[in-house]
file query.csv (CSV, C-alpha atoms)
chain,number,residue,atom,x,y,z
I,1,MET,CA,0.0,0.0,0.0
I,2,SER,CA,3.0,2.3,0.5
I,3,LYS,CA,3.4,2.7,-3.3
I,4,SER,CA,-0.1,4.4,-3.5
I,5,LEU,CA,0.7,7.0,-0.8
I,6,ARG,CA,2.0,10.4,-1.3
I,7,LEU,CA,5.6,11.1,-0.3
I,8,SER,CA,4.7,13.3,2.6
I,9,GLU,CA,2.0,10.9,3.7
I,10,LYS,CA,4.5,8.1,3.8
I,11,TRP,CA,6.8,10.0,6.2
I,12,PHE,CA,3.8,11.1,8.3
I,13,ARG,CA,2.8,7.5,8.6
I,14,ARG,CA,6.3,6.4,9.5
I,15,GLY,CA,6.3,9.1,12.2
I,16,LEU,CA,3.0,8.0,13.5
I,17,TRP,CA,4.2,4.4,13.7
I,18,LEU,CA,7.2,5.7,15.7
I,19,VAL,CA,4.7,7.5,18.0
I,20,ALA,CA,2.8,4.2,18.4
I,21,LEU,CA,6.1,2.3,19.3
I,22,VAL,CA,7.2,5.0,21.8
I,23,PHE,CA,3.7,5.1,23.4
I,24,ALA,CA,3.8,1.3,23.6
I,25,GLY,CA,7.3,1.4,25.1
I,26,PHE,CA,6.2,3.8,27.9
I,27,LEU,CA,3.1,1.7,28.6
I,28,ILE,CA,5.3,-1.5,28.7
I,29,GLY,CA,7.7,0.2,31.2
I,30,LEU,CA,4.8,1.3,33.4
I,31,GLY,CA,3.1,-2.1,33.2
I,32,GLY,CA,6.4,-4.0,33.9
I,33,THR,CA,6.9,-1.9,37.0
I,34,LEU,CA,3.4,-2.5,38.2
I,35,VAL,CA,3.5,-6.2,37.5
I,36,GLY,CA,6.9,-6.5,39.3
I,37,ASP,CA,5.5,-4.7,42.3
I,38,LEU,CA,2.4,-6.8,42.6
I,39,PRO,CA,4.1,-9.4,45.0
I,40,LYS,CA,4.6,-6.6,47.5
I,41,VAL,CA,0.9,-6.6,48.2
I,42,GLU,CA,1.4,-9.9,50.0
I,43,ARG,CA,3.3,-10.1,53.3
I,44,GLN,CA,6.5,-12.0,53.1
I,45,SER,CA,6.3,-15.1,55.4
I,46,THR,CA,9.1,-17.0,57.0
I,47,THR,CA,9.5,-20.3,58.8
I,48,GLU,CA,8.9,-18.5,62.1
I,49,ASP,CA,5.3,-17.9,61.1
I,50,PHE,CA,4.6,-21.6,60.9
I,51,ILE,CA,6.8,-23.2,63.5
I,52,ASP,CA,5.3,-24.5,66.8
I,53,LYS,CA,6.7,-21.9,69.1
I,54,ALA,CA,5.5,-23.6,72.3
I,55,ALA,CA,7.7,-26.6,71.4
I,56,ALA,CA,10.5,-24.7,69.6
I,57,GLU,CA,11.3,-22.2,72.3
I,58,PRO,CA,12.3,-24.8,75.1
I,59,LEU,CA,14.4,-26.7,72.5
I,60,ARG,CA,16.2,-23.5,71.5
I,61,ALA,CA,16.8,-22.7,75.1
I,62,ALA,CA,18.1,-26.2,75.6
I,63,ILE,CA,20.4,-25.9,72.6
I,64,THR,CA,21.7,-22.6,73.9
I,65,GLU,CA,22.4,-24.1,77.3
I,66,ALA,CA,24.0,-27.2,75.8
I,67,GLN,CA,26.2,-25.1,73.7
I,68,ARG,CA,27.2,-23.1,76.7
I,69,ALA,CA,27.8,-26.2,78.8
I,70,GLY,CA,29.8,-27.8,75.9
I,71,GLN,CA,32.0,-24.7,75.6
I,72,GLU,CA,32.7,-24.7,79.4
I,73,ALA,CA,33.3,-28.5,79.3
I,74,ARG,CA,35.8,-28.1,76.5
I,75,ARG,CA,37.6,-25.3,78.3
I,76,ASP,CA,37.8,-27.4,81.5
I,77,LEU,CA,38.9,-30.4,79.5
I,78,ASP,CA,41.7,-28.5,78.0
I,79,GLN,CA,42.9,-27.4,81.4
I,80,ALA,CA,42.5,-31.0,82.8
I,81,GLU,CA,44.5,-32.4,79.9
I,82,LEU,CA,47.2,-29.8,80.4
I,83,GLN,CA,47.4,-30.7,84.1
I,84,LEU,CA,47.5,-34.4,83.3
I,85,GLN,CA,50.3,-33.8,80.8
I,86,ALA,CA,52.3,-31.9,83.4
I,87,ALA,CA,51.7,-34.6,86.1
I,88,SER,CA,52.6,-37.3,83.6
I,89,GLN,CA,55.8,-35.5,82.7
I,90,VAL,CA,56.8,-35.0,86.4
I,91,SER,CA,56.0,-38.7,87.1
I,92,GLN,CA,58.1,-39.8,84.1
I,93,ASN,CA,61.0,-37.6,85.2
I,94,ALA,CA,60.8,-39.0,88.7
I,95,ARG,CA,60.7,-42.6,87.5
I,96,GLU,CA,63.8,-42.0,85.3
I,97,THR,CA,65.6,-40.4,88.3
I,98,PHE,CA,64.6,-43.3,90.5
I,99,SER,CA,65.8,-45.9,87.9
I,100,ASN,CA,69.2,-44.2,87.7
I,101,TRP,CA,69.5,-44.0,91.5
I,102,LEU,CA,68.4,-47.6,91.8
I,103,ALA,CA,71.1,-48.8,89.3
I,104,THR,CA,73.7,-46.9,91.3
I,105,ARG,CA,72.7,-48.4,94.6
I,106,ARG,CA,72.8,-51.9,93.2
I,107,ALA,CA,76.3,-51.3,92.0
I,108,THR,CA,77.5,-50.0,95.4
I,109,GLN,CA,75.5,-52.4,97.6
I,110,GLN,CA,75.1,-49.9,100.4
I,111,PRO,CA,72.4,-51.2,103.0
I,112,ASP,CA,72.2,-47.8,104.7
I,113,GLN,CA,70.3,-46.4,101.6
I,114,ASP,CA,67.3,-48.7,102.2
I,115,ALA,CA,65.4,-45.8,103.9
I,116,GLU,CA,66.0,-43.6,101.0
I,117,LEU,CA,64.8,-46.4,98.7
I,118,ILE,CA,61.6,-46.6,100.6
I,119,ALA,CA,61.2,-42.8,100.5
I,120,ARG,CA,61.8,-42.6,96.7
I,121,THR,CA,59.3,-45.4,96.1
I,122,LYS,CA,56.7,-43.6,98.1
I,123,ALA,CA,57.4,-40.4,96.1
I,124,LEU,CA,56.9,-42.4,92.9
I,125,ASP,CA,53.6,-43.7,94.2
I,126,ALA,CA,52.5,-40.2,95.0
I,127,PHE,CA,53.3,-39.0,91.5
I,128,LYS,CA,51.5,-42.0,90.1
I,129,ALA,CA,48.5,-41.2,92.3
I,130,LYS,CA,48.6,-37.6,91.1
I,131,VAL,CA,48.6,-38.8,87.5
I,132,ASP,CA,45.7,-41.1,88.2
I,133,ALA,CA,43.8,-38.2,89.8
I,134,GLU,CA,44.4,-36.0,86.8
I,135,GLN,CA,43.3,-38.8,84.5
I,136,ARG,CA,40.1,-39.2,86.4
I,137,SER,CA,39.5,-35.4,86.1
I,138,VAL,CA,40.1,-35.6,82.4
I,139,ASP,CA,37.7,-38.5,82.0
I,140,ALA,CA,35.1,-36.6,84.1
I,141,GLN,CA,35.4,-33.5,81.9
I,142,ARG,CA,35.2,-35.7,78.7
I,143,LYS,CA,32.0,-37.2,80.1
I,144,VAL,CA,30.6,-33.7,80.8
I,145,ALA,CA,31.5,-32.6,77.2
I,146,LEU,CA,30.0,-35.7,75.7
I,147,ASP,CA,26.8,-35.2,77.7
I,148,ALA,CA,26.6,-31.6,76.5
I,149,ARG,CA,27.2,-32.6,72.9
I,150,GLN,CA,24.6,-35.4,73.0
I,151,ALA,CA,22.1,-33.0,74.6
I,152,LEU,CA,22.8,-30.5,71.9
I,153,GLU,CA,22.3,-33.1,69.2
I,154,ARG,CA,19.0,-34.3,70.7
I,155,ALA,CA,17.6,-30.8,70.9
I,156,GLN,CA,18.8,-29.9,67.4
I,157,GLN,CA,17.3,-33.1,66.0
I,158,LYS,CA,13.9,-32.2,67.6
I,159,LEU,CA,14.2,-28.6,66.4
I,160,PHE,CA,15.0,-29.8,62.9
I,161,VAL,CA,11.8,-31.8,62.8
I,162,LEU,CA,9.8,-28.7,63.8
I,163,GLU,CA,11.7,-26.6,61.3
I,164,ASP,CA,11.1,-29.1,58.4
I,165,ASP,CA,7.4,-29.1,59.2
I,166,ALA,CA,7.4,-25.3,59.2
I,167,ARG,CA,9.4,-25.1,55.9
I,168,GLU,CA,6.8,-27.4,54.3
I,169,LYS,CA,4.0,-25.2,55.5
I,170,LEU,CA,6.0,-22.2,54.2
I,171,ARG,CA,6.4,-23.8,50.8
I,172,ALA,CA,2.6,-24.4,50.7
I,173,GLU,CA,2.0,-20.8,51.6
I,174,TYR,CA,4.4,-19.7,48.9
I,175,ARG,CA,2.4,-21.7,46.4
I,176,ARG,CA,-0.8,-20.0,47.6
I,177,VAL,CA,0.8,-16.6,47.4
I,178,GLU,CA,2.1,-17.3,43.9
I,179,LEU,CA,-1.4,-18.2,42.8
I,180,ARG,CA,-2.8,-15.1,44.3
I,181,VAL,CA,-0.2,-12.9,42.8
I,182,PHE,CA,-0.8,-14.6,39.4
I,183,GLY,CA,-4.5,-13.9,39.9
I,184,TYR,CA,-3.6,-10.2,40.4
I,185,ARG,CA,-1.5,-10.2,37.3
I,186,LEU,CA,-4.1,-12.0,35.3
I,187,ALA,CA,-6.8,-9.6,36.6
I,188,LEU,CA,-4.6,-6.7,35.4
I,189,THR,CA,-3.5,-8.1,32.0
I,190,LEU,CA,-6.6,-10.0,30.8
I,191,PRO,CA,-8.8,-6.9,30.6
I,192,LEU,CA,-6.0,-5.1,28.8
I,193,LEU,CA,-6.0,-7.9,26.2
I,194,VAL,CA,-9.8,-7.7,25.9
I,195,VAL,CA,-9.7,-3.9,25.4
I,196,ALA,CA,-6.8,-4.3,22.9
I,197,GLY,CA,-9.0,-6.8,20.9
I,198,TRP,CA,-11.9,-4.4,20.9
I,199,LEU,CA,-9.6,-1.6,19.8
I,200,PHE,CA,-8.2,-3.8,17.0
I,201,VAL,CA,-11.6,-4.6,15.7
I,202,LYS,CA,-13.2,-1.2,16.0
I,203,LYS,CA,-10.6,1.5,16.2
I,204,ARG,CA,-7.4,0.4,14.4
I,205,LYS,CA,-8.2,2.5,11.4
I,206,GLY,CA,-9.5,5.5,13.3
I,207,THR,CA,-8.0,9.0,13.6
I,208,TYR,CA,-6.0,8.1,16.7
I,209,TRP,CA,-4.7,4.8,15.3
I,210,PRO,CA,-1.1,5.3,16.6
I,211,PHE,CA,-2.3,5.3,20.2
I,212,VAL,CA,-4.6,2.3,19.4
I,213,TRP,CA,-1.7,0.3,18.0
I,214,GLY,CA,0.6,1.4,20.8
I,215,PHE,CA,-1.9,0.1,23.4
I,216,ILE,CA,-2.4,-3.1,21.4
I,217,PHE,CA,1.4,-3.8,21.4
I,218,PHE,CA,1.5,-3.0,25.1
I,219,ALA,CA,-1.4,-5.4,25.9
I,220,LEU,CA,0.1,-8.2,23.9
I,221,PHE,CA,3.5,-7.7,25.5
I,222,ALA,CA,2.0,-7.6,29.0
I,223,PHE,CA,0.0,-10.8,28.5
I,224,PHE,CA,2.4,-13.0,26.5
I,225,VAL,CA,5.7,-11.7,27.9
I,226,GLU,CA,5.2,-10.3,31.3
I,227,LEU,CA,2.5,-12.7,32.4
I,228,VAL,CA,3.6,-16.1,30.9
I,229,PRO,CA,6.8,-16.4,33.0
I,230,TYR,CA,4.7,-16.3,36.2
I,231,LEU,CA,2.2,-18.8,34.9
I,232,PRO,CA,2.1,-21.8,37.4
I,233,SER,CA,3.5,-24.9,35.9
I,234,TYR,CA,2.3,-27.9,37.9
I,235,GLY,CA,4.5,-30.2,35.8
I,236,GLY,CA,3.7,-28.3,32.6
I,237,TYR,CA,0.0,-29.2,32.6
I,238,VAL,CA,-1.2,-25.6,33.1
I,239,ARG,CA,1.0,-24.1,30.4
I,240,TYR,CA,0.2,-26.8,27.9
I,241,ILE,CA,-3.5,-26.4,28.6
I,242,VAL,CA,-3.3,-22.6,28.4
I,243,GLY,CA,-1.4,-22.9,25.1
I,244,ILE,CA,-4.0,-25.3,23.7
I,245,VAL,CA,-6.9,-22.9,24.7
I,246,ILE,CA,-5.1,-19.9,23.2
I,247,THR,CA,-4.4,-21.8,20.0
I,248,VAL,CA,-8.0,-22.9,19.7
I,249,LEU,CA,-9.3,-19.4,20.3
I,250,VAL,CA,-6.9,-17.8,17.8
I,251,GLY,CA,-7.5,-20.6,15.3
I,252,ARG,CA,-11.3,-20.3,15.6
I,253,TYR,CA,-11.0,-16.5,15.1
I,254,ALA,CA,-8.9,-17.0,12.0
I,255,ILE,CA,-11.2,-19.6,10.6
I,256,LEU,CA,-14.3,-17.4,11.2
I,257,ALA,CA,-12.5,-14.4,9.8
I,258,LEU,CA,-11.6,-16.4,6.7
I,259,ASN,CA,-15.1,-17.6,6.2
I,260,ARG,CA,-16.5,-14.1,6.6
I,261,TYR,CA,-13.9,-12.8,4.1
I,262,LEU,CA,-14.8,-15.5,1.5
I,263,ALA,CA,-18.5,-14.8,2.0
I,264,ARG,CA,-17.9,-11.1,1.5
I,265,GLN,CA,-15.9,-11.8,-1.6
I,266,LYS,CA,-18.6,-14.0,-3.1
I,267,LEU,CA,-21.2,-11.4,-2.4
I,268,ALA,CA,-19.0,-8.7,-3.9
I,269,GLU,CA,-18.3,-10.7,-7.0
I,270,ALA,CA,-22.0,-11.0,-7.6
I,271,GLN,CA,-22.4,-7.3,-7.6
I,272,PRO,CA,-22.4,-5.2,-10.9
I,273,ASP,CA,-19.0,-3.9,-12.0
I,274,GLN,CA,-19.7,-0.3,-11.2
I,275,VAL,CA,-21.0,-1.1,-7.7
I,276,ARG,CA,-17.9,-3.1,-6.9
I,277,ARG,CA,-15.6,-0.4,-8.1
I,278,GLU,CA,-17.4,2.2,-6.0
I,279,GLU,CA,-17.0,0.1,-2.9
I,280,LEU,CA,-13.3,-0.2,-3.4
I,281,SER,CA,-11.2,2.7,-1.9
I,282,TYR,CA,-8.8,4.4,-4.3
I,283,ASP,CA,-5.7,3.6,-2.1
I,284,THR,CA,-6.8,-0.1,-1.7
I,285,ALA,CA,-7.2,-0.5,-5.5
I,286,LEU,CA,-3.8,1.1,-6.3
I,287,ALA,CA,-2.1,-1.1,-3.6
I,288,ARG,CA,-3.6,-4.3,-5.1
I,289,LEU,CA,-2.7,-3.3,-8.6
I,290,ALA,CA,0.8,-2.6,-7.5
I,291,LYS,CA,1.0,-6.2,-6.4
I,292,SER,CA,-0.3,-7.4,-9.7
I,293,VAL,CA,-3.5,-8.7,-8.2
I,294,CYS,CA,-7.1,-8.0,-9.0
I,295,PRO,CA,-8.6,-5.2,-6.8
I,296,GLY,CA,-11.9,-7.0,-6.7
I,297,CYS,CA,-11.1,-10.7,-6.0
I,298,GLU,CA,-7.3,-10.3,-5.0
I,299,ARG,CA,-6.3,-13.1,-7.4
I,300,PRO,CA,-3.1,-12.7,-9.5
I,301,VAL,CA,-3.6,-11.0,-12.9
I,302,ASP,CA,-0.9,-10.3,-15.5
I,303,LEU,CA,-1.3,-6.5,-15.8
I,304,LYS,CA,1.6,-6.3,-18.2
I,305,ASN,CA,-0.5,-8.2,-20.8
I,306,THR,CA,-2.0,-5.4,-23.0
I,307,THR,CA,-4.8,-7.8,-24.2
I,308,ILE,CA,-6.3,-8.2,-20.6
I,309,ASP,CA,-8.9,-5.5,-19.8
I,310,PHE,CA,-11.0,-7.5,-17.4
I,311,CYS,CA,-10.1,-9.8,-14.5
I,312,PRO,CA,-10.5,-13.4,-15.8
I,313,HIS,CA,-11.5,-14.5,-12.3
I,314,CYS,CA,-14.3,-12.1,-11.3
I,315,GLY,CA,-14.9,-10.0,-14.4
I,316,ILE,CA,-14.2,-6.6,-12.9
I,317,GLY,CA,-12.9,-4.0,-15.3
I,318,LEU,CA,-9.2,-3.3,-15.0
I,319,ILE,CA,-8.4,-1.3,-18.1
I,320,ASP,CA,-10.5,1.2,-20.0
I,321,SER,CA,-10.0,4.1,-22.4
I,322,CYS,CA,-10.2,7.8,-21.9
I,323,LYS,CA,-13.4,9.2,-23.3
I,324,VAL,CA,-11.7,12.3,-24.6
I,325,CYS,CA,-8.3,11.2,-25.9
I,326,ASP,CA,-8.9,7.5,-26.1
I,327,THR,CA,-5.7,6.7,-24.1
I,328,ARG,CA,-5.6,3.3,-22.6
I,329,LYS,CA,-5.5,3.7,-18.8
I,330,SER,CA,-6.4,1.9,-15.5
I,331,ALA,CA,-10.1,1.8,-14.8
I,332,PHE,CA,-9.4,2.8,-11.2
I,333,SER,CA,-7.5,6.0,-12.1
I,334,ARG,CA,-9.2,9.2,-11.2
I,335,PHE,CA,-7.7,11.1,-14.1
I,336,CYS,CA,-6.4,10.3,-17.5
I,337,HIS,CA,-2.6,10.4,-17.6
I,338,GLY,CA,-2.7,11.4,-21.3
I,339,CYS,CA,-5.0,14.5,-21.2
I,340,GLY,CA,-5.8,15.0,-17.5
I,341,THR,CA,-9.5,14.4,-18.0
I,342,ALA,CA,-11.4,13.3,-14.9
I,343,ALA,CA,-12.5,9.6,-14.9
I,344,HIS,CA,-16.2,10.5,-15.0
I,345,GLY,CA,-15.7,11.9,-18.4
I,346,LYS,CA,-15.6,15.7,-18.0
I,347,GLU,CA,-12.9,17.6,-19.9
I,348,PRO,CA,-10.4,19.4,-17.9
I,349,PRO,CA,-11.0,23.2,-17.5
I,350,PRO,CA,-9.4,25.2,-20.3
I,351,SER,CA,-6.3,27.0,-19.3
I,352,HIS,CA,-6.5,30.8,-19.2
I,353,PRO,CA,-4.6,32.5,-22.1
I,354,VAL,CA,-1.7,34.6,-21.1
I,355,THR,CA,-2.4,38.2,-22.0
I,356,SER,CA,0.5,40.1,-23.4
I,357,VAL,CA,1.5,43.3,-21.7
I,358,PRO,CA,1.9,46.2,-24.1
I,359,ALA,CA,5.3,47.5,-24.3
I,360,ILE,CA,5.8,50.9,-22.8
I,361,ALA,CA,7.1,53.4,-25.3

call {"tool": "encode", "arguments": {"input": "query.csv", "output": "structure tokens"}}
result
Amino acid sequence: MSKSLRLSEKWFRRGLWLVALVFAGFLIGLGGTLVGDLPKVERQSTTEDFIDKAAAEPLRAAITEAQRAGQEARRDLDQAELQLQAASQVSQNARETFSNWLATRRATQQPDQDAELIARTKALDAFKAKVDAEQRSVDAQRKVALDARQALERAQQKLFVLEDDAREKLRAEYRRVELRVFGYRLALTLPLLVVAGWLFVKKRKGTYWPFVWGFIFFALFAFFVELVPYLPSYGGYVRYIVGIVITVLVGRYAILALNRYLARQKLAEAQPDQVRREELSYDTALARLAKSVCPGCERPVDLKNTTIDFCPHCGIGLIDSCKVCDTRKSAFSRFCHGCGTAAHGKEPPPSHPVTSVPAIA
């Protein structure tokens, strides 16, 4: 159709399409911001909202106490092990000294050293008793640490069970929130799509068509781009079903539109030639002729063949002759390209003769 438009009209139309795209862009930005902020209408829930607080609080207190007792037990155990190590070292040194002294006494065989032998043996026994006492202290601290660790593990295990149950409830709540937010988005975008469909049918060729098309682009983008990623899946069933429904609706609309178009074409082809030509707009006829198709039935016609004056498919006149100069021309032209006579047969108005201006003496 662009070949039938005036040059200025072409640029104006291009500018208006740019207006439509810019308008759609701003609407898409506003709609995207609104759709993105819709989840904020729902309160953000956490596991704390679903956990059994009456059972969880004592367990958390027990965990805190077990952790504190475990830390103290580890500190006391470290001290006890350090003291055991020191006592063991002292006992080991004393045992080595006693062994050396005992070897010397056997070599000298001095009976007067029996009292010292007894004293040294008692000292070794005392060191050994000290080591045993420290070992018992270490064992006791290890038991305290073990008890604290086991108490901590038991409390944590019970708390984990409560938290798992709370997380499952939270996931269920997330699913409900997701469905509600999707409902909000659907309630926002579906009316836009309905309005866009009405505008497409009724207003797409009106005076304000750039804004109509901009709104249509925005509604399509909002529904098929911004809404679809939030469509619940449920294993793909929902999306496939929605895809099938949309395909059926679009296919049904296309089939009905095609049948209406064919019915209109059959009715139009049954009309007289002059009536059909009057019902065709000038721009539409020129656009179809530029594509080498019949303006009446839109079937291909060899317009370069000078022997074809009528459409061989529907019989509408394509070529006629000027009634003034007999020039062969398109039957849809408004004026003869040979003499400028209007298509309805009137001669063009005579040009005014140029009067000569007398020379000034």

call {"tool": "closest_atom_pairs", "arguments": {"input": "query.csv", "of": "range 131-236 of chain I", "to": "range 62-83 of chain I", "cutoff": "8 Å", "atoms": "only C-alpha atoms", "output": "tab-separated table"}}
result
residue	atom	partner	partner_atom	distance
I:Glu134	CA	I:Gln83	CA	6.7
I:Gln135	CA	I:Glu81	CA	8.0
I:Ser137	CA	I:Ala80	CA	6.3
I:Val138	CA	I:Ala80	CA	5.2
I:Gln141	CA	I:Leu77	CA	5.3
I:Arg142	CA	I:Leu77	CA	6.5
I:Val144	CA	I:Ala73	CA	6.0
I:Ala145	CA	I:Ala73	CA	4.9
I:Leu146	CA	I:Gly70	CA	7.9
I:Ala148	CA	I:Gly70	CA	5.0
I:Arg149	CA	I:Gly70	CA	6.2
I:Ala151	CA	I:Ala66	CA	6.2
I:Leu152	CA	I:Ile63	CA	5.2
I:Ala155	CA	I:Ile63	CA	5.9
I:Gln156	CA	I:Ile63	CA	6.8

call {"tool": "atom_distance", "arguments": {"input": "query.csv", "atom1": "CA of Glu168 in chain I", "atom2": "CA of Ser45 in chain I"}}
result
12.4 Å

call {"tool": "atom_distance", "arguments": {"input": "query.csv", "atom1": "CA of Leu249 in chain I", "atom2": "CA of Leu231 in chain I"}}
result
18.6 Å

call {"tool": "residues_around", "arguments": {"input": "query.csv", "residues": "range 294-310 of chain I", "least_positions_apart": "6", "cutoff": "8 Å", "atoms": "all atoms listed in the file", "output": "short mmCIF file (atom, residue, chain, number, x, y, z; two decimals) with C-alpha atoms, keeping the file's coordinate frame"}}
result
data_model
loop_
_atom_site.label_atom_id
_atom_site.label_comp_id
_atom_site.auth_asym_id
_atom_site.auth_seq_id
_atom_site.Cartn_x
_atom_site.Cartn_y
_atom_site.Cartn_z
CA GLN I 265 -15.90 -11.80 -1.60
CA ALA I 268 -19.00 -8.70 -3.90
CA GLU I 269 -18.30 -10.70 -7.00
CA ARG I 276 -17.90 -3.10 -6.90
CA ARG I 277 -15.60 -0.40 -8.10
CA LEU I 280 -13.30 -0.20 -3.40
CA THR I 284 -6.80 -0.10 -1.70
CA ALA I 285 -7.20 -0.50 -5.50
CA LEU I 286 -3.80 1.10 -6.30
CA ARG I 288 -3.60 -4.30 -5.10
CA ILE I 316 -14.20 -6.60 -12.90
CA GLY I 317 -12.90 -4.00 -15.30
CA LEU I 318 -9.20 -3.30 -15.00
CA ILE I 319 -8.40 -1.30 -18.10
CA ASP I 320 -10.50 1.20 -20.00
#

call {"tool": "atom_distance", "arguments": {"input": "query.csv", "atom1": "CA of Tyr230 in chain I", "atom2": "CA of Leu170 in chain I"}}
result
19.0 Å

call {"tool": "residues_around", "arguments": {"input": "query.csv", "residues": "Tyr282 in chain I", "least_positions_apart": "4", "cutoff": "12 Å", "atoms": "all atoms listed in the file", "output": "PDB file with C-alpha atoms, keeping the file's coordinate frame"}}
result
ATOM      1  CA  MET I   1       0.000   0.000   0.000  1.00  0.00           C
ATOM      2  CA  SER I   4      -0.100   4.400  -3.500  1.00  0.00           C
ATOM      3  CA  LEU I   5       0.700   7.000  -0.800  1.00  0.00           C
ATOM      4  CA  ARG I 277     -15.600  -0.400  -8.100  1.00  0.00           C
ATOM      5  CA  GLU I 278     -17.400   2.200  -6.000  1.00  0.00           C
ATOM      6  CA  LEU I 286      -3.800   1.100  -6.300  1.00  0.00           C
ATOM      7  CA  ALA I 287      -2.100  -1.100  -3.600  1.00  0.00           C
ATOM      8  CA  ARG I 288      -3.600  -4.300  -5.100  1.00  0.00           C
ATOM      9  CA  LEU I 289      -2.700  -3.300  -8.600  1.00  0.00           C
ATOM     10  CA  PRO I 295      -8.600  -5.200  -6.800  1.00  0.00           C
ATOM     11  CA  SER I 330      -6.400   1.900 -15.500  1.00  0.00           C
ATOM     12  CA  ALA I 331     -10.100   1.800 -14.800  1.00  0.00           C
ATOM     13  CA  PHE I 332      -9.400   2.800 -11.200  1.00  0.00           C
ATOM     14  CA  SER I 333      -7.500   6.000 -12.100  1.00  0.00           C
ATOM     15  CA  ARG I 334      -9.200   9.200 -11.200  1.00  0.00           C
ATOM     16  CA  PHE I 335      -7.700  11.100 -14.100  1.00  0.00           C
TER      17      PHE I 335
END

call {"tool": "decode", "arguments": {"input": "query.csv", "residues": "range 170-202 of chain I", "atoms": "C-alpha atoms", "output": "PDB file, in the first residue's frame"}}
result
ATOM      1  CA  LEU I 170       5.981 -22.169  54.191  1.00  0.00           C
ATOM      2  CA  ARG I 171       6.350 -23.784  50.753  1.00  0.00           C
ATOM      3  CA  ALA I 172       2.604 -24.405  50.684  1.00  0.00           C
ATOM      4  CA  GLU I 173       2.025 -20.768  51.614  1.00  0.00           C
ATOM      5  CA  TYR I 174       4.436 -19.670  48.863  1.00  0.00           C
ATOM      6  CA  ARG I 175       2.383 -21.663  46.364  1.00  0.00           C
ATOM      7  CA  ARG I 176      -0.818 -20.002  47.572  1.00  0.00           C
ATOM      8  CA  VAL I 177       0.807 -16.573  47.419  1.00  0.00           C
ATOM      9  CA  GLU I 178       2.119 -17.329  43.934  1.00  0.00           C
ATOM     10  CA  LEU I 179      -1.382 -18.231  42.785  1.00  0.00           C
ATOM     11  CA  ARG I 180      -2.846 -15.092  44.345  1.00  0.00           C
ATOM     12  CA  VAL I 181      -0.176 -12.881  42.763  1.00  0.00           C
ATOM     13  CA  PHE I 182      -0.752 -14.625  39.431  1.00  0.00           C
ATOM     14  CA  GLY I 183      -4.451 -13.908  39.857  1.00  0.00           C
ATOM     15  CA  TYR I 184      -3.619 -10.232  40.431  1.00  0.00           C
ATOM     16  CA  ARG I 185      -1.470 -10.194  37.292  1.00  0.00           C
ATOM     17  CA  LEU I 186      -4.145 -11.993  35.281  1.00  0.00           C
ATOM     18  CA  ALA I 187      -6.822  -9.611  36.550  1.00  0.00           C
ATOM     19  CA  LEU I 188      -4.603  -6.742  35.383  1.00  0.00           C
ATOM     20  CA  THR I 189      -3.477  -8.065  31.993  1.00  0.00           C
ATOM     21  CA  LEU I 190      -6.562  -9.958  30.770  1.00  0.00           C
ATOM     22  CA  PRO I 191      -8.808  -6.854  30.631  1.00  0.00           C
ATOM     23  CA  LEU I 192      -5.997  -5.077  28.779  1.00  0.00           C
ATOM     24  CA  LEU I 193      -6.000  -7.883  26.214  1.00  0.00           C
ATOM     25  CA  VAL I 194      -9.789  -7.696  25.882  1.00  0.00           C
ATOM     26  CA  VAL I 195      -9.658  -3.910  25.403  1.00  0.00           C
ATOM     27  CA  ALA I 196      -6.836  -4.340  22.880  1.00  0.00           C
ATOM     28  CA  GLY I 197      -8.956  -6.838  20.933  1.00  0.00           C
ATOM     29  CA  TRP I 198     -11.894  -4.426  20.888  1.00  0.00           C
ATOM     30  CA  LEU I 199      -9.643  -1.576  19.750  1.00  0.00           C
ATOM     31  CA  PHE I 200      -8.172  -3.788  17.031  1.00  0.00           C
ATOM     32  CA  VAL I 201     -11.612  -4.632  15.692  1.00  0.00           C
ATOM     33  CA  LYS I 202     -13.213  -1.181  16.026  1.00  0.00           C
TER      34      LYS I 202
END
